[in-house]
$ cat my_file.txt   # compact mmCIF, C-alpha atoms
# COMPACT_ATOMS: atom_id res chain seq x y z
CA MET Q 1 0.00 0.00 0.00
CA SER Q 2 1.33 3.45 -0.92
CA THR Q 3 2.32 5.67 2.00
CA GLU Q 4 2.31 8.80 -0.15
CA ALA Q 5 0.30 11.55 1.47
CA VAL Q 6 -2.97 12.54 -0.21
CA LYS Q 7 -2.57 15.92 -1.88
CA PRO Q 8 -5.05 18.42 -0.41
CA PRO Q 9 -7.33 20.09 -2.98
CA ARG Q 10 -6.74 23.75 -3.82
CA PRO Q 11 -9.76 26.06 -3.25
CA ALA Q 12 -11.14 27.31 -6.57
CA SER Q 13 -14.24 28.95 -8.02
CA THR Q 14 -16.02 29.17 -11.33
CA ILE Q 15 -19.05 31.08 -12.63
CA LEU Q 16 -21.65 29.99 -15.15
CA LEU Q 17 -22.49 33.38 -16.68
CA LEU Q 18 -25.96 33.15 -18.20
CA ARG Q 19 -28.04 35.05 -20.73
CA ASP Q 20 -31.26 34.18 -22.51
CA SER Q 21 -30.71 32.95 -26.06
CA ALA Q 22 -31.71 35.43 -28.74
CA ALA Q 23 -31.69 32.70 -31.37
CA THR Q 24 -33.66 29.92 -29.70
CA LYS Q 25 -36.66 30.55 -27.45
CA GLY Q 26 -36.63 28.58 -24.24
CA GLU Q 27 -32.86 28.16 -24.07
CA VAL Q 28 -30.17 29.84 -22.05
CA GLU Q 29 -26.62 30.50 -23.18
CA VAL Q 30 -23.52 30.26 -21.01
CA PHE Q 31 -20.12 31.90 -21.49
CA MET Q 32 -17.38 29.30 -22.04
CA MET Q 33 -13.72 29.33 -23.03
CA VAL Q 34 -11.25 26.93 -24.63
CA ARG Q 35 -8.23 26.50 -22.38
CA HIS Q 36 -4.79 26.81 -23.99
CA TYR Q 37 -3.43 23.48 -25.18
CA GLU Q 38 -0.13 24.00 -23.31
CA ILE Q 39 -1.79 24.45 -19.90
CA ASP Q 40 -1.24 21.36 -17.74
CA PHE Q 41 -4.79 21.12 -16.35
CA ASN Q 42 -7.73 20.56 -18.73
CA SER Q 43 -5.62 21.69 -21.70
CA GLY Q 44 -7.76 22.35 -24.77
CA ALA Q 45 -11.00 21.85 -22.82
CA LEU Q 46 -14.15 23.94 -23.10
CA VAL Q 47 -14.76 25.27 -19.59
CA PHE Q 48 -16.45 28.01 -17.58
CA PRO Q 49 -14.24 30.91 -16.44
CA GLY Q 50 -12.66 30.38 -13.05
CA GLY Q 51 -9.53 29.52 -11.09
CA SER Q 52 -7.87 29.24 -7.71
CA VAL Q 53 -8.56 31.33 -4.64
CA ASP Q 54 -5.48 33.44 -3.86
CA LYS Q 55 -4.11 35.49 -0.99
CA GLY Q 56 -5.43 38.73 -2.48
CA ASP Q 57 -9.00 37.43 -2.36
CA ARG Q 58 -8.69 36.91 1.38
CA GLU Q 59 -7.26 40.42 1.81
CA ILE Q 60 -10.43 41.87 0.25
CA ILE Q 61 -12.51 40.13 2.92
CA ALA Q 62 -11.02 42.55 5.45
CA ARG Q 63 -12.46 45.45 3.42
CA PRO Q 64 -16.25 44.93 3.60
CA GLU Q 65 -16.80 48.33 2.02
CA LEU Q 66 -15.60 46.73 -1.23
CA TYR Q 67 -18.37 44.13 -1.54
CA SER Q 68 -22.07 43.60 -0.93
CA GLY Q 69 -24.01 40.42 -0.32
CA GLY Q 70 -21.56 38.87 2.12
CA GLU Q 71 -23.84 38.95 5.14
CA GLY Q 72 -23.75 35.74 7.15
CA LEU Q 73 -20.94 34.18 5.09
CA ASP Q 74 -17.79 32.88 6.72
CA THR Q 75 -14.28 33.63 5.51
CA ALA Q 76 -14.10 30.55 3.29
CA ALA Q 77 -17.44 31.26 1.60
CA LEU Q 78 -16.47 34.89 1.01
CA SER Q 79 -13.12 33.92 -0.49
CA PHE Q 80 -14.80 31.53 -2.95
CA ARG Q 81 -17.17 34.27 -4.13
CA ILE Q 82 -14.52 36.98 -4.39
CA ALA Q 83 -12.23 34.63 -6.31
CA ALA Q 84 -15.09 33.72 -8.66
CA ILE Q 85 -15.65 37.36 -9.63
CA ARG Q 86 -11.92 38.13 -9.89
CA GLU Q 87 -11.13 35.08 -12.01
CA THR Q 88 -14.09 35.78 -14.27
CA PHE Q 89 -12.87 39.34 -14.80
CA GLU Q 90 -9.32 38.14 -15.50
CA GLU Q 91 -10.43 35.46 -17.94
CA SER Q 92 -13.37 37.13 -19.67
CA GLY Q 93 -13.29 40.85 -18.89
CA ILE Q 94 -16.83 40.60 -17.48
CA LEU Q 95 -17.13 42.42 -14.16
CA LEU Q 96 -19.83 41.60 -11.60
CA ALA Q 97 -19.65 44.82 -9.60
CA ARG Q 98 -21.50 48.04 -8.86
CA PRO Q 99 -20.24 51.60 -8.67
CA GLN Q 100 -20.06 52.72 -5.03
CA GLY Q 101 -23.48 54.04 -4.00
CA SER Q 102 -25.33 52.44 -6.93
CA ARG Q 103 -27.79 49.54 -6.89
CA ALA Q 104 -27.23 48.79 -10.59
CA LEU Q 105 -24.40 46.67 -12.01
CA VAL Q 106 -21.63 48.58 -13.71
CA ASP Q 107 -22.57 49.42 -17.31
CA ALA Q 108 -20.70 47.93 -20.24
CA LYS Q 109 -18.92 51.17 -21.14
CA ARG Q 110 -17.47 51.68 -17.67
CA ALA Q 111 -16.63 47.98 -17.34
CA GLY Q 112 -14.76 48.22 -20.62
CA GLU Q 113 -12.75 51.18 -19.33
CA ILE Q 114 -11.80 49.28 -16.17
CA GLU Q 115 -10.85 46.25 -18.24
CA ALA Q 116 -8.66 48.32 -20.58
CA ALA Q 117 -6.93 49.99 -17.65
CA SER Q 118 -6.29 47.01 -15.43
CA ARG Q 119 -7.08 43.53 -16.80
CA ALA Q 120 -3.68 42.88 -18.37
CA ALA Q 121 -1.82 44.13 -15.29
CA LEU Q 122 -4.01 42.00 -13.04
CA CYS Q 123 -3.34 38.89 -15.13
CA ASN Q 124 0.40 39.66 -15.13
CA GLY Q 125 0.47 40.14 -11.39
CA THR Q 126 1.60 43.77 -11.57
CA THR Q 127 -1.53 45.01 -9.81
CA THR Q 128 -4.06 43.54 -7.39
CA PHE Q 129 -7.81 43.14 -7.54
CA LEU Q 130 -8.01 45.17 -4.33
CA LYS Q 131 -6.30 48.09 -6.11
CA VAL Q 132 -8.52 47.69 -9.18
CA LEU Q 133 -11.61 48.00 -6.97
CA THR Q 134 -10.37 50.96 -4.94
CA ASP Q 135 -9.06 52.84 -8.01
CA SER Q 136 -12.30 52.34 -9.93
CA GLY Q 137 -14.71 52.86 -7.03
CA MET Q 138 -16.31 49.45 -7.53
CA LEU Q 139 -18.21 47.24 -5.10
CA LEU Q 140 -18.18 43.48 -5.78
CA ALA Q 141 -21.73 42.16 -6.31
CA LEU Q 142 -21.43 38.94 -4.29
CA ASP Q 143 -25.22 38.85 -4.04
CA GLU Q 144 -25.41 38.19 -7.80
CA LEU Q 145 -23.85 34.74 -7.29
CA VAL Q 146 -26.09 31.74 -6.68
CA PRO Q 147 -24.34 28.56 -5.42
CA TYR Q 148 -24.88 25.81 -7.99
CA ALA Q 149 -22.45 22.94 -7.44
CA HIS Q 150 -19.45 21.87 -5.38
CA TRP Q 151 -16.94 19.42 -6.86
CA ILE Q 152 -13.71 18.09 -5.34
CA THR Q 153 -11.16 16.35 -7.59
CA PRO Q 154 -10.73 12.64 -6.72
CA GLU Q 155 -7.79 11.57 -4.61
CA GLY Q 156 -4.82 10.33 -6.63
CA MET Q 157 -5.13 12.95 -9.37
CA PRO Q 158 -1.96 15.02 -10.03
CA LYS Q 159 -3.85 18.28 -9.48
CA ARG Q 160 -6.78 18.53 -7.10
CA PHE Q 161 -9.28 21.34 -6.70
CA ASP Q 162 -12.08 22.07 -4.24
CA THR Q 163 -14.31 24.03 -6.62
CA TRP Q 164 -17.51 25.95 -6.06
CA PHE Q 165 -19.65 26.61 -9.13
CA PHE Q 166 -21.90 29.67 -9.09
CA LEU Q 167 -24.66 30.87 -11.42
CA ALA Q 168 -24.96 34.54 -12.33
CA ALA Q 169 -26.88 36.53 -14.90
CA ALA Q 170 -24.40 38.19 -17.23
CA PRO Q 171 -24.35 41.99 -16.79
CA PRO Q 172 -26.24 43.67 -19.66
CA GLU Q 173 -24.12 44.29 -22.79
CA GLN Q 174 -20.95 42.83 -21.27
CA ALA Q 175 -20.12 40.26 -23.95
CA GLY Q 176 -16.75 39.03 -22.65
CA ALA Q 177 -13.63 37.87 -24.48
CA HIS Q 178 -10.87 35.34 -23.78
CA ASP Q 179 -7.40 36.56 -22.78
CA GLY Q 180 -5.45 34.78 -25.54
CA LYS Q 181 -3.08 33.26 -22.98
CA GLU Q 182 -4.80 30.87 -20.58
CA SER Q 183 -7.65 30.55 -23.07
CA THR Q 184 -7.58 30.66 -26.87
CA ASP Q 185 -11.25 31.06 -27.73
CA SER Q 186 -14.53 32.02 -26.10
CA ILE Q 187 -18.17 31.58 -27.02
CA TRP Q 188 -21.70 32.06 -25.78
CA VAL Q 189 -23.26 28.66 -26.26
CA SER Q 190 -26.39 26.83 -25.20
CA PRO Q 191 -25.88 23.72 -23.06
CA ARG Q 192 -27.42 21.70 -25.91
CA GLU Q 193 -24.90 22.98 -28.46
CA ALA Q 194 -21.97 22.48 -26.09
CA LEU Q 195 -23.00 18.89 -25.35
CA GLU Q 196 -23.53 18.15 -29.03
CA GLY Q 197 -20.03 19.52 -29.66
CA GLY Q 198 -18.67 17.21 -26.99
CA GLU Q 199 -20.26 14.21 -28.70
CA THR Q 200 -18.98 15.12 -32.17
CA GLY Q 201 -15.46 15.97 -31.01
CA ARG Q 202 -15.78 19.69 -31.69
CA PHE Q 203 -15.31 20.34 -27.97
CA LYS Q 204 -13.39 18.58 -25.24
CA LEU Q 205 -15.60 18.59 -22.15
CA PRO Q 206 -14.35 17.58 -18.68
CA PHE Q 207 -16.73 15.30 -16.77
CA PRO Q 208 -17.91 17.93 -14.23
CA THR Q 209 -18.52 20.40 -17.07
CA THR Q 210 -20.61 17.85 -18.95
CA ARG Q 211 -22.75 17.03 -15.91
CA ASN Q 212 -23.35 20.71 -15.12
CA LEU Q 213 -24.25 21.48 -18.73
CA ILE Q 214 -26.81 18.66 -18.73
CA LYS Q 215 -28.27 19.99 -15.48
CA LEU Q 216 -28.32 23.58 -16.79
CA GLY Q 217 -29.90 22.50 -20.07
CA LYS Q 218 -33.14 21.70 -18.26
CA GLN Q 219 -33.72 25.41 -17.60
CA THR Q 220 -35.65 27.52 -20.10
CA SER Q 221 -34.51 30.97 -18.98
CA VAL Q 222 -31.94 32.75 -16.85
CA LYS Q 223 -34.61 33.60 -14.29
CA ALA Q 224 -35.75 29.97 -14.11
CA ALA Q 225 -32.18 28.76 -13.63
CA LEU Q 226 -31.47 31.24 -10.84
CA ASP Q 227 -34.82 30.68 -9.12
CA ASP Q 228 -34.39 26.90 -9.26
CA SER Q 229 -31.00 27.01 -7.54
CA ARG Q 230 -31.52 29.88 -5.12
CA GLY Q 231 -31.79 28.59 -1.56
CA LYS Q 232 -31.16 24.95 -2.49
CA SER Q 233 -28.65 22.94 -0.50
CA VAL Q 234 -25.63 21.93 -2.58
CA VAL Q 235 -24.36 18.35 -2.28
CA THR Q 236 -20.57 18.05 -2.49
CA VAL Q 237 -19.37 15.73 -5.26
CA THR Q 238 -16.05 13.89 -4.94
CA PRO Q 239 -16.10 11.32 -7.77
CA ILE Q 240 -14.81 7.85 -6.97
CA MET Q 241 -13.12 6.23 -9.95
CA THR Q 242 -13.04 2.48 -10.54
CA LYS Q 243 -11.99 0.27 -13.45
CA ASN Q 244 -14.67 -1.82 -15.11
CA ASN Q 245 -14.19 -4.22 -18.03
CA GLY Q 246 -11.25 -2.29 -19.36
CA GLY Q 247 -13.02 1.05 -19.00
CA ARG Q 248 -13.53 3.42 -16.13
CA GLN Q 249 -16.53 4.31 -14.02
CA LEU Q 250 -17.14 7.38 -11.91
CA ARG Q 251 -19.48 7.18 -8.96
CA ILE Q 252 -21.01 10.35 -7.53
CA PRO Q 253 -23.77 10.96 -4.96
CA LEU Q 254 -27.23 10.38 -6.44
CA GLU Q 255 -28.62 13.19 -4.31
CA ALA Q 256 -26.32 15.71 -6.07
CA GLY Q 257 -28.97 15.91 -8.80
CA TYR Q 258 -27.07 14.75 -11.87
CA ASP Q 259 -29.56 12.10 -13.04
CA GLY Q 260 -27.57 9.14 -11.82
CA ASP Q 261 -24.72 8.00 -9.65
CA VAL Q 262 -22.58 5.76 -11.89
CA PHE Q 263 -21.16 6.98 -15.20
CA GLU Q 264 -18.92 5.33 -17.78
CA VAL Q 265 -16.08 7.64 -18.76
CA GLY Q 266 -13.07 7.49 -21.03
CA SER Q 267 -11.23 10.18 -19.11
CA VAL Q 268 -11.89 12.41 -16.12
CA GLY Q 269 -9.46 15.03 -17.58
$ encode --input "my_file.txt" --output "structure tokens"
Amino acid sequence: MSTEAVKPPRPASTILLLRDSAATKGEVEVFMMVRHYEIDFNSGALVFPGGSVDKGDREIIARPELYSGGEGLDTAALSFRIAAIRETFEESGILLARPQGSRALVDAKRAGEIEAASRAALCNGTTTFLKVLTDSGMLLALDELVPYAHWITPEGMPKRFDTWFFLAAAPPEQAGAHDGKESTDSIWVSPREALEGGETGRFKLPFPTTRNLIKLGKQTSVKAALDDSRGKSVVTVTPIMTKNNGGRQLRIPLEAGYDGDVFEVGSVG
């Protein structure tokens, strides 16, 4: 038996940014990106924007004047939400924030100005999200995030993440764009189209992404998706992988709401 210590998962967050489809009635669209093929985790995969919680996210927690919607949340929950908004801004340019003193989300024009002034520096590590917020007079809209799913990478994987997935309505007119570094393409796509692309080989979809797209595809509007998830308890999913007749199976909790508990997979990627 191996005595190698189990690698603890790294806290991470991701957001499913939603908008109602203009092309197909009764469908939602979600913002997704293709990860760069040279990245060592989920290279080339179609994913939702997101990434690891970092020290700077925890520093923002100590500045409650820089966010709203954090009432009753502990430090860990706050850090997941702050990281989700920061990573989404870094990876897509979409900013879930409000001008200080306003109840409305930042408009596309102002968001574009903030992106032009600070996104590259933030991605390069030459500025901090705390400085971006204070310089621009923005307040993070944590209340726009609805907890949707919680996945932890199985033990034994080379990289492990403890990831919270959140739903959020995309701010009006903020279309988003990939950064050209960590991601090489970005699209607004319906869950149906993304899943069809996964079946045909157009897209490479990680297992958690596939399951969440199937779940999201049952919703007919952004409002329906948010209302369905708001206030629901989220069941943590840590897939257990086993070999079966030369293939592999993943077992997840049935109560997590993914229409089953045992799935045949070629790769958990």
$ residues_near_point --input "my_file.txt" --point "(-21.8, 15.9, -3.5)" --cutoff "8 Å" --atoms "only C-alpha atoms" --output "list in words"
His150, Trp151, Val234, Val235, Thr236, Val237, Thr238, Ile252, Pro253, Glu255 and Ala256 of chain Q
$ closest_residue --input "my_file.txt" --among "Q:Gly72, Q:Gly257, Q:Gly56, Q:Gly26" --to "Ala149 of chain Q" --atoms "only C-alpha atoms"
Q:Gly257
$ atom_distance --input "my_file.txt" --atom1 "atom CA of Val146 of chain Q" --atom2 "atom CA of Pro172 of chain Q"
17.6 Å
$ closest_atom_pairs --input "my_file.txt" --of "segment 119-201 of chain Q" --to "segment 96-99 of chain Q" --cutoff "7 Å" --atoms "all atoms listed in the file" --output "tab-separated table"
residue	atom	partner	partner_atom	distance
Q:Gly137	CA	Q:Pro99	CA	5.9
Q:Met138	CA	Q:Pro99	CA	4.6
Q:Leu139	CA	Q:Arg98	CA	5.1
Q:Leu140	CA	Q:Ala97	CA	4.3
Q:Ala141	CA	Q:Ala97	CA	4.7
Q:Pro171	CA	Q:Leu96	CA	6.9
$ residues_near_point --input "my_file.txt" --point "(-20.6, 51.3, -16.5)" --cutoff "12 Å" --atoms "all atoms listed in the file" --output "list of chain:residue names"
Q:Ile94, Q:Leu95, Q:Leu96, Q:Ala97, Q:Arg98, Q:Pro99, Q:Gln100, Q:Ser102, Q:Ala104, Q:Leu105, Q:Val106, Q:Asp107, Q:Ala108, Q:Lys109, Q:Arg110, Q:Ala111, Q:Gly112, Q:Glu113, Q:Ile114, Q:Glu115, Q:Ser136, Q:Gly137, Q:Met138, Q:Pro171, Q:Pro172, Q:Glu173, Q:Gln174
$ write_last_selection --input "my_file.txt" --atoms "C-alpha atoms" --output "tab-separated table (two decimals), in the frame of the given file"
chain	number	residue	atom	x	y	z
Q	94	ILE	CA	-16.83	40.60	-17.48
Q	95	LEU	CA	-17.13	42.42	-14.16
Q	96	LEU	CA	-19.83	41.60	-11.60
Q	97	ALA	CA	-19.65	44.82	-9.60
Q	98	ARG	CA	-21.50	48.04	-8.86
Q	99	PRO	CA	-20.24	51.60	-8.67
Q	100	GLN	CA	-20.06	52.72	-5.03
Q	102	SER	CA	-25.33	52.44	-6.93
Q	104	ALA	CA	-27.23	48.79	-10.59
Q	105	LEU	CA	-24.40	46.67	-12.01
Q	106	VAL	CA	-21.63	48.58	-13.71
Q	107	ASP	CA	-22.57	49.42	-17.31
Q	108	ALA	CA	-20.70	47.93	-20.24
Q	109	LYS	CA	-18.92	51.17	-21.14
Q	110	ARG	CA	-17.47	51.68	-17.67
Q	111	ALA	CA	-16.63	47.98	-17.34
Q	112	GLY	CA	-14.76	48.22	-20.62
Q	113	GLU	CA	-12.75	51.18	-19.33
Q	114	ILE	CA	-11.80	49.28	-16.17
Q	115	GLU	CA	-10.85	46.25	-18.24
Q	136	SER	CA	-12.30	52.34	-9.93
Q	137	GLY	CA	-14.71	52.86	-7.03
Q	138	MET	CA	-16.31	49.45	-7.53
Q	171	PRO	CA	-24.35	41.99	-16.79
Q	172	PRO	CA	-26.24	43.67	-19.66
Q	173	GLU	CA	-24.12	44.29	-22.79
Q	174	GLN	CA	-20.95	42.83	-21.27
$ atom_distance --input "my_file.txt" --atom1 "atom CA of Gly260 of chain Q" --atom2 "atom CA of Met241 of chain Q"
14.9 Å
$ atom_distance --input "my_file.txt" --atom1 "atom CA of Gly70 of chain Q" --atom2 "atom CA of Cys123 of chain Q"
25.1 Å
$ closest_residue --input "my_file.txt" --among "Q:Pro11, Q:Glu59, Q:Glu199, Q:Pro191" --to "Ser221 of chain Q" --atoms "only C-alpha atoms"
Q:Pro191
$ closest_residue --input "my_file.txt" --among "Q:Ala120, Q:Ala76, Q:Leu46, Q:Ala169" --to "Pro208 of chain Q" --atoms "all atoms listed in the file"
Q:Leu46
$ residues_around --input "my_file.txt" --residues "Arg58 of chain Q" --least-positions-apart "5" --cutoff "10 Å" --atoms "all atoms listed in the file" --output "CSV table (one decimal) with C-alpha atoms, keeping the file's coordinate frame"
chain,number,residue,atom,x,y,z
Q,53,VAL,CA,-8.6,31.3,-4.6
Q,63,ARG,CA,-12.5,45.4,3.4
Q,75,THR,CA,-14.3,33.6,5.5
Q,76,ALA,CA,-14.1,30.6,3.3
Q,78,LEU,CA,-16.5,34.9,1.0
Q,79,SER,CA,-13.1,33.9,-0.5
Q,80,PHE,CA,-14.8,31.5,-3.0
Q,82,ILE,CA,-14.5,37.0,-4.4
Q,83,ALA,CA,-12.2,34.6,-6.3
$ closest_residue --input "my_file.txt" --among "Q:Val28, Q:Val132, Q:Ala45, Q:Leu195" --to "Lys223 of chain Q" --atoms "all atoms listed in the file"
Q:Val28
$ closest_residue --input "my_file.txt" --among "Q:Thr209, Q:Ser190, Q:Thr127, Q:Thr163" --to "Tyr258 of chain Q" --atoms "all atoms listed in the file"
Q:Thr209
$ closest_residue --input "my_file.txt" --among "Q:Gly246, Q:Gly101, Q:Gly217, Q:Pro49" --to "Leu17 of chain Q" --atoms "only C-alpha atoms"
Q:Pro49
$ axis_aligned_box --input "my_file.txt" --around "segment 99-107 of chain Q" --padding-each-side "6 Å" --output "AutoDock Vina command-line options"
--center_x -23.9 --center_y 50.4 --center_z -10.7 --size_x 19.7 --size_y 19.4 --size_z 25.3
